[in-house]
>>> print(open('upload.cif').read())   # mmCIF, C-alpha atoms and all ligand atoms
data_entry
loop_
_atom_site.group_PDB
_atom_site.id
_atom_site.type_symbol
_atom_site.label_atom_id
_atom_site.label_comp_id
_atom_site.auth_asym_id
_atom_site.auth_seq_id
_atom_site.Cartn_x
_atom_site.Cartn_y
_atom_site.Cartn_z
ATOM 1 C CA MET N 1 24.988 0.635 15.800
ATOM 2 C CA PHE N 2 21.523 1.926 16.702
ATOM 3 C CA ARG N 3 23.075 4.852 18.506
ATOM 4 C CA ARG N 4 23.805 6.511 15.166
ATOM 5 C CA LYS N 5 21.408 9.413 15.184
ATOM 6 C CA ALA N 6 19.327 10.387 12.205
ATOM 7 C CA GLU N 7 20.965 13.808 11.825
ATOM 8 C CA GLU N 8 24.207 12.119 10.829
ATOM 9 C CA ARG N 9 22.495 11.205 7.577
ATOM 10 C CA THR N 10 21.881 14.646 6.097
ATOM 11 C CA GLY N 11 22.893 17.205 8.693
ATOM 12 C CA SER N 12 19.392 18.704 8.599
ATOM 13 C CA PRO N 13 18.143 19.492 12.121
ATOM 14 C CA GLU N 14 14.545 19.065 10.959
ATOM 15 C CA ALA N 15 12.998 15.622 10.718
ATOM 16 C CA LEU N 16 9.714 16.824 9.256
ATOM 17 C CA ARG N 17 8.559 20.084 7.723
ATOM 18 C CA LEU N 18 5.167 20.921 6.282
ATOM 19 C CA GLU N 19 4.568 24.220 4.480
ATOM 20 C CA SER N 20 0.943 25.253 3.946
ATOM 21 C CA VAL N 21 -0.144 21.701 3.195
ATOM 22 C CA ARG N 22 -3.662 21.315 1.858
ATOM 23 C CA ARG N 23 -5.570 18.183 0.935
ATOM 24 C CA VAL N 24 -8.918 18.527 -0.749
ATOM 25 C CA TYR N 25 -11.102 15.483 -1.340
ATOM 26 C CA GLY N 26 -14.037 15.203 -3.706
ATOM 27 C CA ALA N 27 -15.129 16.792 -6.941
ATOM 28 C CA GLU N 28 -15.897 20.462 -7.367
ATOM 29 C CA GLY N 29 -19.068 21.521 -5.627
ATOM 30 C CA ASN N 30 -18.691 18.667 -3.143
ATOM 31 C CA GLN N 31 -15.259 19.289 -1.713
ATOM 32 C CA VAL N 32 -13.878 18.570 1.731
ATOM 33 C CA ASN N 33 -10.833 20.480 2.973
ATOM 34 C CA ALA N 34 -9.329 17.619 4.982
ATOM 35 C CA LEU N 35 -6.125 19.632 5.516
ATOM 36 C CA ASP N 36 -6.444 23.376 5.236
ATOM 37 C CA GLY N 37 -2.976 24.971 5.264
ATOM 38 C CA VAL N 38 -0.950 23.008 7.808
ATOM 39 C CA SER N 39 2.572 24.264 8.502
ATOM 40 C CA LEU N 40 4.956 22.831 11.063
ATOM 41 C CA SER N 41 8.547 21.942 11.746
ATOM 42 C CA LEU N 42 9.517 19.032 13.961
ATOM 43 C CA PRO N 43 13.125 18.697 15.077
ATOM 44 C CA LYS N 44 14.995 15.407 15.045
ATOM 45 C CA GLY N 45 14.708 13.488 18.272
ATOM 46 C CA SER N 46 11.208 14.812 19.070
ATOM 47 C CA PHE N 47 8.110 12.839 20.040
ATOM 48 C CA THR N 48 4.888 14.472 18.846
ATOM 49 C CA ALA N 49 1.308 13.336 19.359
ATOM 50 C CA VAL N 50 -1.409 14.526 16.981
ATOM 51 C CA MET N 51 -4.922 14.770 18.377
ATOM 52 C CA GLY N 52 -8.242 16.123 17.259
ATOM 53 C CA PRO N 53 -11.903 15.213 16.956
ATOM 54 C CA SER N 54 -13.058 12.589 14.480
ATOM 55 C CA GLY N 55 -12.800 13.978 10.947
ATOM 56 C CA SER N 56 -10.340 16.737 11.928
ATOM 57 C CA GLY N 57 -7.736 15.485 9.431
ATOM 58 C CA LYS N 58 -5.359 13.391 11.556
ATOM 59 C CA SER N 59 -5.104 10.431 9.162
ATOM 60 C CA THR N 60 -4.859 12.746 6.183
ATOM 61 C CA PHE N 61 -2.053 14.630 7.920
ATOM 62 C CA LEU N 62 -0.170 11.409 8.669
ATOM 63 C CA HIS N 63 -0.590 10.067 5.149
ATOM 64 C CA CYS N 64 0.535 13.326 3.512
ATOM 65 C CA ALA N 65 3.503 13.687 5.891
ATOM 66 C CA ALA N 66 4.596 10.077 5.293
ATOM 67 C CA GLY N 67 4.299 10.239 1.503
ATOM 68 C CA LEU N 68 1.381 7.790 1.386
ATOM 69 C CA ASP N 69 -0.923 10.462 -0.020
ATOM 70 C CA GLN N 70 -0.205 13.519 -2.152
ATOM 71 C CA PRO N 71 -1.220 16.951 -0.878
ATOM 72 C CA THR N 72 -3.338 19.132 -3.135
ATOM 73 C CA GLY N 73 -1.067 22.042 -2.282
ATOM 74 C CA GLY N 74 1.935 22.947 -0.146
ATOM 75 C CA ARG N 75 5.199 21.145 0.479
ATOM 76 C CA VAL N 76 6.409 18.282 2.670
ATOM 77 C CA PHE N 77 10.055 17.711 3.598
ATOM 78 C CA VAL N 78 11.376 14.640 5.414
ATOM 79 C CA ASP N 79 14.936 14.878 6.666
ATOM 80 C CA GLY N 80 15.352 18.064 4.617
ATOM 81 C CA GLU N 81 14.271 16.439 1.346
ATOM 82 C CA GLU N 82 11.063 17.325 -0.448
ATOM 83 C CA LEU N 83 8.699 14.442 -1.172
ATOM 84 C CA ALA N 84 7.136 15.969 -4.293
ATOM 85 C CA GLY N 85 8.689 15.623 -7.710
ATOM 86 C CA ARG N 86 9.447 11.915 -7.419
ATOM 87 C CA ASN N 87 7.820 9.189 -9.442
ATOM 88 C CA GLU N 88 6.046 6.367 -7.575
ATOM 89 C CA ALA N 89 9.107 4.077 -7.618
ATOM 90 C CA ALA N 90 11.398 6.788 -6.254
ATOM 91 C CA LEU N 91 8.858 7.718 -3.583
ATOM 92 C CA THR N 92 8.513 4.072 -2.527
ATOM 93 C CA LYS N 93 12.299 3.822 -2.262
ATOM 94 C CA PHE N 94 12.439 7.022 -0.206
ATOM 95 C CA ARG N 95 9.711 5.736 2.122
ATOM 96 C CA ARG N 96 11.465 2.402 2.588
ATOM 97 C CA GLU N 97 14.705 4.113 3.484
ATOM 98 C CA ARG N 98 13.519 7.074 5.545
ATOM 99 C CA ILE N 99 10.069 6.397 6.935
ATOM 100 C CA GLY N 100 8.784 3.875 9.436
ATOM 101 C CA PHE N 101 5.085 3.214 9.940
ATOM 102 C CA VAL N 102 3.286 1.498 12.807
ATOM 103 C CA PHE N 103 -0.424 0.796 12.404
ATOM 104 C CA GLN N 104 -3.188 0.109 14.876
ATOM 105 C CA GLN N 105 -3.615 -3.462 13.578
ATOM 106 C CA PHE N 106 0.140 -4.265 13.543
ATOM 107 C CA ASN N 107 0.097 -5.401 9.849
ATOM 108 C CA LEU N 108 2.660 -8.169 10.350
ATOM 109 C CA LEU N 109 2.893 -10.894 7.718
ATOM 110 C CA PRO N 110 1.326 -13.958 9.363
ATOM 111 C CA ALA N 111 3.305 -16.562 7.419
ATOM 112 C CA LEU N 112 6.667 -15.065 8.408
ATOM 113 C CA THR N 113 8.469 -15.471 11.715
ATOM 114 C CA VAL N 114 9.218 -12.516 13.979
ATOM 115 C CA MET N 115 12.771 -12.423 12.637
ATOM 116 C CA GLN N 116 11.628 -12.593 9.001
ATOM 117 C CA ASN N 117 9.083 -9.821 9.553
ATOM 118 C CA VAL N 118 11.802 -7.580 10.956
ATOM 119 C CA THR N 119 14.411 -8.282 8.277
ATOM 120 C CA LEU N 120 11.889 -7.805 5.445
ATOM 121 C CA PRO N 121 12.155 -3.975 5.258
ATOM 122 C CA LEU N 122 15.938 -4.246 4.971
ATOM 123 C CA LYS N 123 15.575 -6.708 2.101
ATOM 124 C CA LEU N 124 12.970 -4.522 0.402
ATOM 125 C CA ALA N 125 15.292 -1.528 0.739
ATOM 126 C CA GLY N 126 18.008 -3.577 -0.954
ATOM 127 C CA ARG N 127 20.152 -3.606 2.162
ATOM 128 C CA LYS N 128 21.952 -6.579 3.628
ATOM 129 C CA ALA N 129 19.503 -8.186 6.068
ATOM 130 C CA ASP N 130 22.023 -8.498 8.887
ATOM 131 C CA PRO N 131 20.555 -10.977 11.406
ATOM 132 C CA GLU N 132 22.595 -9.390 14.190
ATOM 133 C CA GLN N 133 20.973 -6.027 13.503
ATOM 134 C CA ALA N 134 17.500 -7.591 13.582
ATOM 135 C CA ARG N 135 18.326 -9.537 16.754
ATOM 136 C CA ALA N 136 19.597 -6.373 18.449
ATOM 137 C CA VAL N 137 16.444 -4.406 17.673
ATOM 138 C CA LEU N 138 14.229 -7.320 18.762
ATOM 139 C CA ALA N 139 16.181 -7.577 22.029
ATOM 140 C CA ARG N 140 15.554 -3.861 22.505
ATOM 141 C CA VAL N 141 11.799 -4.392 22.295
ATOM 142 C CA GLY N 142 12.021 -7.344 24.708
ATOM 143 C CA LEU N 143 11.456 -10.109 22.148
ATOM 144 C CA GLY N 144 14.956 -11.537 21.827
ATOM 145 C CA GLU N 145 13.608 -14.947 22.847
ATOM 146 C CA ARG N 146 10.748 -15.064 20.329
ATOM 147 C CA LEU N 147 12.645 -14.766 17.049
ATOM 148 C CA HIS N 148 11.220 -17.883 15.427
ATOM 149 C CA HIS N 149 7.611 -17.513 16.519
ATOM 150 C CA ARG N 150 4.848 -16.478 14.153
ATOM 151 C CA PRO N 151 2.712 -13.404 14.907
ATOM 152 C CA SER N 152 -0.291 -15.607 15.806
ATOM 153 C CA GLU N 153 1.763 -17.063 18.668
ATOM 154 C CA LEU N 154 2.226 -13.635 20.257
ATOM 155 C CA SER N 155 -0.045 -11.332 22.247
ATOM 156 C CA GLY N 156 -1.286 -8.079 20.698
ATOM 157 C CA GLY N 157 1.257 -6.064 22.672
ATOM 158 C CA GLN N 158 4.069 -8.345 21.565
ATOM 159 C CA GLN N 159 2.922 -8.130 17.942
ATOM 160 C CA GLN N 160 2.981 -4.355 18.142
ATOM 161 C CA ARG N 161 6.494 -4.506 19.595
ATOM 162 C CA VAL N 162 7.539 -6.607 16.567
ATOM 163 C CA ALA N 163 5.947 -3.971 14.325
ATOM 164 C CA ILE N 164 7.971 -1.275 16.114
ATOM 165 C CA ALA N 165 11.161 -3.324 15.719
ATOM 166 C CA ARG N 166 10.332 -3.705 12.021
ATOM 167 C CA ALA N 167 9.831 0.052 11.703
ATOM 168 C CA LEU N 168 13.048 0.877 13.595
ATOM 169 C CA VAL N 169 15.361 -1.609 11.885
ATOM 170 C CA THR N 170 15.961 0.673 8.881
ATOM 171 C CA ARG N 171 16.713 3.588 11.259
ATOM 172 C CA PRO N 172 14.072 5.807 9.621
ATOM 173 C CA SER N 173 14.191 9.597 9.747
ATOM 174 C CA VAL N 174 10.643 9.616 11.107
ATOM 175 C CA LEU N 175 8.577 6.859 12.677
ATOM 176 C CA PHE N 176 4.855 7.513 12.142
ATOM 177 C CA GLY N 177 2.272 5.794 14.322
ATOM 178 C CA ASP N 178 -1.416 5.651 13.402
ATOM 179 C CA GLU N 179 -3.155 4.882 16.708
ATOM 180 C CA PRO N 180 -0.383 2.414 17.600
ATOM 181 C CA THR N 181 -1.961 1.600 20.971
ATOM 182 C CA GLY N 182 -5.585 1.680 19.775
ATOM 183 C CA ALA N 183 -5.975 -2.113 19.780
ATOM 184 C CA LEU N 184 -4.067 -2.832 22.998
ATOM 185 C CA ASP N 185 -4.996 -3.296 26.646
ATOM 186 C CA THR N 186 -3.785 -0.642 29.081
ATOM 187 C CA ARG N 187 -0.669 -2.459 30.175
ATOM 188 C CA SER N 188 0.513 -3.421 26.672
ATOM 189 C CA ALA N 189 -0.233 0.122 25.531
ATOM 190 C CA ARG N 190 1.996 1.480 28.290
ATOM 191 C CA ASP N 191 4.833 -0.871 27.250
ATOM 192 C CA VAL N 192 4.543 0.220 23.617
ATOM 193 C CA LEU N 193 4.491 3.920 24.551
ATOM 194 C CA ALA N 194 7.504 3.485 26.835
ATOM 195 C CA LEU N 195 9.289 1.822 23.941
ATOM 196 C CA LEU N 196 8.535 4.717 21.596
ATOM 197 C CA GLN N 197 9.707 7.145 24.273
ATOM 198 C CA GLU N 198 12.934 5.179 24.687
ATOM 199 C CA ALA N 199 13.499 5.206 20.915
ATOM 200 C CA VAL N 200 13.318 9.019 21.081
ATOM 201 C CA ARG N 201 15.246 9.660 24.287
ATOM 202 C CA MET N 202 17.980 7.045 24.007
ATOM 203 C CA TYR N 203 18.354 6.631 20.283
ATOM 204 C CA GLY N 204 17.438 10.069 18.917
ATOM 205 C CA GLN N 205 14.530 8.696 16.862
ATOM 206 C CA THR N 206 11.768 11.072 15.731
ATOM 207 C CA VAL N 207 8.227 9.864 16.384
ATOM 208 C CA VAL N 208 4.903 11.337 15.202
ATOM 209 C CA MET N 209 1.861 9.533 16.532
ATOM 210 C CA VAL N 210 -1.851 10.036 15.963
ATOM 211 C CA THR N 211 -3.901 9.058 18.981
ATOM 212 C CA HIS N 212 -7.332 9.536 20.521
ATOM 213 C CA ASP N 213 -6.008 8.744 23.983
ATOM 214 C CA PRO N 214 -4.850 11.603 26.259
ATOM 215 C CA VAL N 215 -2.750 9.140 28.303
ATOM 216 C CA ALA N 216 -0.927 8.018 25.158
ATOM 217 C CA ALA N 217 -0.425 11.662 24.147
ATOM 218 C CA SER N 218 1.125 12.397 27.551
ATOM 219 C CA TYR N 219 4.107 10.203 26.617
ATOM 220 C CA ALA N 220 5.006 12.657 23.838
ATOM 221 C CA ASP N 221 7.098 15.819 24.263
ATOM 222 C CA SER N 222 4.393 17.875 22.625
ATOM 223 C CA VAL N 223 0.860 17.546 21.311
ATOM 224 C CA LEU N 224 -0.542 19.159 18.167
ATOM 225 C CA PHE N 225 -4.297 19.702 18.121
ATOM 226 C CA LEU N 226 -6.108 19.578 14.794
ATOM 227 C CA ALA N 227 -9.638 20.809 14.154
ATOM 228 C CA ASP N 228 -11.267 21.182 10.742
ATOM 229 C CA GLY N 229 -7.980 20.474 8.974
ATOM 230 C CA ARG N 230 -6.000 23.160 10.807
ATOM 231 C CA ILE N 231 -3.552 23.168 13.687
ATOM 232 C CA VAL N 232 -5.447 24.994 16.404
ATOM 233 C CA GLY N 233 -3.158 24.418 19.346
ATOM 234 C CA ARG N 234 0.052 22.971 20.657
ATOM 235 C CA MET N 235 0.967 21.792 24.134
ATOM 236 C CA THR N 236 4.458 21.015 25.383
ATOM 237 C CA ALA N 237 5.177 18.688 28.322
ATOM 238 C CA PRO N 238 1.587 17.414 28.171
ATOM 239 C CA THR N 239 -0.191 15.686 31.019
ATOM 240 C CA ALA N 240 -3.138 13.369 30.361
ATOM 241 C CA GLU N 241 -5.442 15.681 32.348
ATOM 242 C CA ALA N 242 -4.414 18.823 30.472
ATOM 243 C CA VAL N 243 -4.778 17.061 27.104
ATOM 244 C CA ALA N 244 -8.216 15.681 28.001
ATOM 245 C CA GLU N 245 -9.316 19.147 29.107
ATOM 246 C CA ARG N 246 -8.099 20.737 25.862
ATOM 247 C CA MET N 247 -9.841 18.054 23.812
ATOM 248 C CA THR N 248 -13.131 18.712 25.578
ATOM 249 C CA HIS N 249 -12.940 22.363 24.626
ATOM 250 C CA LEU N 250 -11.939 21.524 21.048
ATOM 251 C CA SER N 251 -15.112 19.480 20.672
ATOM 252 C CA ASP N 252 -17.137 22.336 22.206
ATOM 253 C CA GLU N 253 -15.630 24.712 19.675
ATOM 254 C CA ILE N 254 -16.524 22.777 16.561
ATOM 255 C CA ILE N 255 -19.683 20.841 17.366
ATOM 256 C CA PRO N 256 -22.616 23.228 17.123
ATOM 257 C CA ALA N 257 -24.818 23.145 20.186
ATOM 258 C CA VAL N 258 -28.215 21.573 19.619
ATOM 259 C CA ALA N 259 -30.966 23.962 20.615
HETATM 260 N N1 LIG N 301 -11.050 9.537 0.508
HETATM 261 C C1 LIG N 301 -11.802 10.512 0.972
HETATM 262 N N2 LIG N 301 -12.774 11.081 0.212
HETATM 263 C C2 LIG N 301 -13.535 12.088 0.659
HETATM 264 N N3 LIG N 301 -13.414 12.622 1.889
HETATM 265 C C3 LIG N 301 -12.487 12.104 2.706
HETATM 266 C C4 LIG N 301 -11.634 11.030 2.305
HETATM 267 N N4 LIG N 301 -10.799 10.723 3.331
HETATM 268 C C5 LIG N 301 -11.119 11.572 4.331
HETATM 269 N N5 LIG N 301 -12.107 12.403 3.953
HETATM 270 C C6 LIG N 301 -12.691 13.477 4.774
HETATM 271 O O1 LIG N 301 -11.635 14.326 5.193
HETATM 272 C C7 LIG N 301 -11.833 14.752 6.523
HETATM 273 C C8 LIG N 301 -10.637 14.335 7.384
HETATM 274 O O2 LIG N 301 -10.599 12.920 7.459
HETATM 275 P P1 LIG N 301 -9.500 12.131 8.305
HETATM 276 O O3 LIG N 301 -9.742 10.674 8.082
HETATM 277 O O4 LIG N 301 -8.156 12.658 7.969
HETATM 278 O O5 LIG N 301 -9.884 12.542 9.803
HETATM 279 P P2 LIG N 301 -9.412 11.899 11.187
HETATM 280 O O6 LIG N 301 -9.146 13.048 12.096
HETATM 281 O O7 LIG N 301 -8.291 10.952 10.946
HETATM 282 O O8 LIG N 301 -10.718 11.127 11.641
HETATM 283 P P3 LIG N 301 -10.877 9.854 12.618
HETATM 284 O O9 LIG N 301 -10.398 10.287 13.968
HETATM 285 O O10 LIG N 301 -12.360 9.627 12.615
HETATM 286 O O11 LIG N 301 -10.101 8.720 12.034
HETATM 287 C C9 LIG N 301 -13.154 14.132 6.962
HETATM 288 O O12 LIG N 301 -14.171 15.093 6.769
HETATM 289 C C10 LIG N 301 -13.336 12.967 6.029
HETATM 290 O O13 LIG N 301 -14.697 12.660 5.838
#
>>> encode(input="upload.cif", output="structure tokens")
Amino acid sequence: MFRRKAEERTGSPEALRLESVRRVYGAEGNQVNALDGVSLSLPKGSFTAVMGPSGSGKSTFLHCAAGLDQPTGGRVFVDGEELAGRNEAALTKFRRERIGFVFQQFNLLPALTVMQNVTLPLKLAGRKADPEQARAVLARVGLGERLHHRPSELSGGQQQRVAIARALVTRPSVLFGDEPTGALDTRSARDVLALLQEAVRMYGQTVVMVTHDPVAASYADSVLFLADGRIVGRMTAPTAEAVAERMTHLSDEIIPAVA
């Protein structure tokens, strides 16, 4: 069931497309160009890491791409469909059906069991919350034995794996991760990254992940580098060393030297 690839939904080969996306914050005279004309196309079944110095626009990029924030200019397409031009209710519906989100702090509902957390997005999307489907995705993330536990009874790594199961259960067109390993120890982080990689390689999922960690970025197929709201570089088949090296130079480029 989970082998059904996203492209079967619309036939579009692109999971995500941004055309000259801009996001300006603040009133006139005091404006910040958080995103300054970002264009990209990510194919289905790709795993992309987004890196850049603090304040370079990574969160803004993720929020605009996932329909959580509205760009000031430009266009965003998910699975071939433009996000703009929908009212809030229609956008929420689109997000529930097509977009998965994994946060640094897991954001599980503490009063619900693992199983209930994972079936919730299906219920919210008005789909039948098939327990078999939820069990299958939880088995995939290695938590088939913890269905009736509450988040507080799990380790951080296990909680993040529940969050990934919850994001995958609707078979989203794109799974966005905002520092998904930022709160985890090295070993749990590796497990979570391997899981994301498996979702891409075995199940054709598309993943876009913001991270500060060159090791985490090395699990992706390619890395986009942001600086001052623009894409300033791209690296395919990244290694942690090469990413760290590129990041060092990025910081050199934008932080003025102190005399
Ligand atoms: N709500 C807001 N109002 C005004 N400026 C904002 C707002 N949100 C972000 N910014 C500014 O936009 C720019 C990009 O911010 P963003 O949070 O996207 O960067 P980031 O790369 O995610 O940073 P970090 O790595 O520190 O989380 C920054 O200069 C930031 O100060």
>>> closest_residue(input="upload.cif", among="N:Ala139, N:Ala15, N:Leu112, N:Ala34", to="Asp228 of chain N", atoms="only C-alpha atoms")
N:Ala34
>>> closest_residue(input="upload.cif", among="N:Leu138, N:Leu226, N:Leu18, N:Ile231", to="ligand LIG 301 (chain N)", atoms="all atoms listed in the file")
N:Leu226
>>> residues_near_ligand(input="upload.cif", ligand="ligand LIG 301 (chain N)", cutoff="12 Å", atoms="all atoms listed in the file", output="ChimeraX atom specification")
/N:22-28,30-36,50-65,69-70,104,178-179,182,209-213,225-231
>>> atom_distance(input="upload.cif", atom1="atom CA of Val192 of chain N", atom2="atom CA of Glu81 of chain N")
29.2 Å
>>> closest_residue(input="upload.cif", among="N:Ile164, N:Leu143, N:Val169, N:Leu224", to="Ala125 of chain N", atoms="only C-alpha atoms")
N:Val169
>>> residues_near_point(input="upload.cif", point="(11.7, 7.5, 15.8)", cutoff="9 Å", atoms="all atoms listed in the file", output="PDB file with C-alpha atoms, in the coordinates of the input")
ATOM      1  CA  ALA N   6      19.327  10.387  12.205  1.00  0.00           C
ATOM      2  CA  LYS N  44      14.995  15.407  15.045  1.00  0.00           C
ATOM      3  CA  GLY N  45      14.708  13.488  18.272  1.00  0.00           C
ATOM      4  CA  SER N  46      11.208  14.812  19.070  1.00  0.00           C
ATOM      5  CA  PHE N  47       8.110  12.839  20.040  1.00  0.00           C
ATOM      6  CA  GLY N 100       8.784   3.875   9.436  1.00  0.00           C
ATOM      7  CA  ALA N 167       9.831   0.052  11.703  1.00  0.00           C
ATOM      8  CA  LEU N 168      13.048   0.877  13.595  1.00  0.00           C
ATOM      9  CA  ARG N 171      16.713   3.588  11.259  1.00  0.00           C
ATOM     10  CA  PRO N 172      14.072   5.807   9.621  1.00  0.00           C
ATOM     11  CA  SER N 173      14.191   9.597   9.747  1.00  0.00           C
ATOM     12  CA  VAL N 174      10.643   9.616  11.107  1.00  0.00           C
ATOM     13  CA  LEU N 175       8.577   6.859  12.677  1.00  0.00           C
ATOM     14  CA  PHE N 176       4.855   7.513  12.142  1.00  0.00           C
ATOM     15  CA  LEU N 196       8.535   4.717  21.596  1.00  0.00           C
ATOM     16  CA  GLN N 197       9.707   7.145  24.273  1.00  0.00           C
ATOM     17  CA  ALA N 199      13.499   5.206  20.915  1.00  0.00           C
ATOM     18  CA  VAL N 200      13.318   9.019  21.081  1.00  0.00           C
ATOM     19  CA  TYR N 203      18.354   6.631  20.283  1.00  0.00           C
ATOM     20  CA  GLY N 204      17.438  10.069  18.917  1.00  0.00           C
ATOM     21  CA  GLN N 205      14.530   8.696  16.862  1.00  0.00           C
ATOM     22  CA  THR N 206      11.768  11.072  15.731  1.00  0.00           C
ATOM     23  CA  VAL N 207       8.227   9.864  16.384  1.00  0.00           C
ATOM     24  CA  VAL N 208       4.903  11.337  15.202  1.00  0.00           C
TER      25      VAL N 208
END
>>> closest_residue(input="upload.cif", among="N:Thr72, N:Thr170, N:Gln160, N:Thr186", to="Glu97 of chain N", atoms="all atoms listed in the file")
N:Thr170
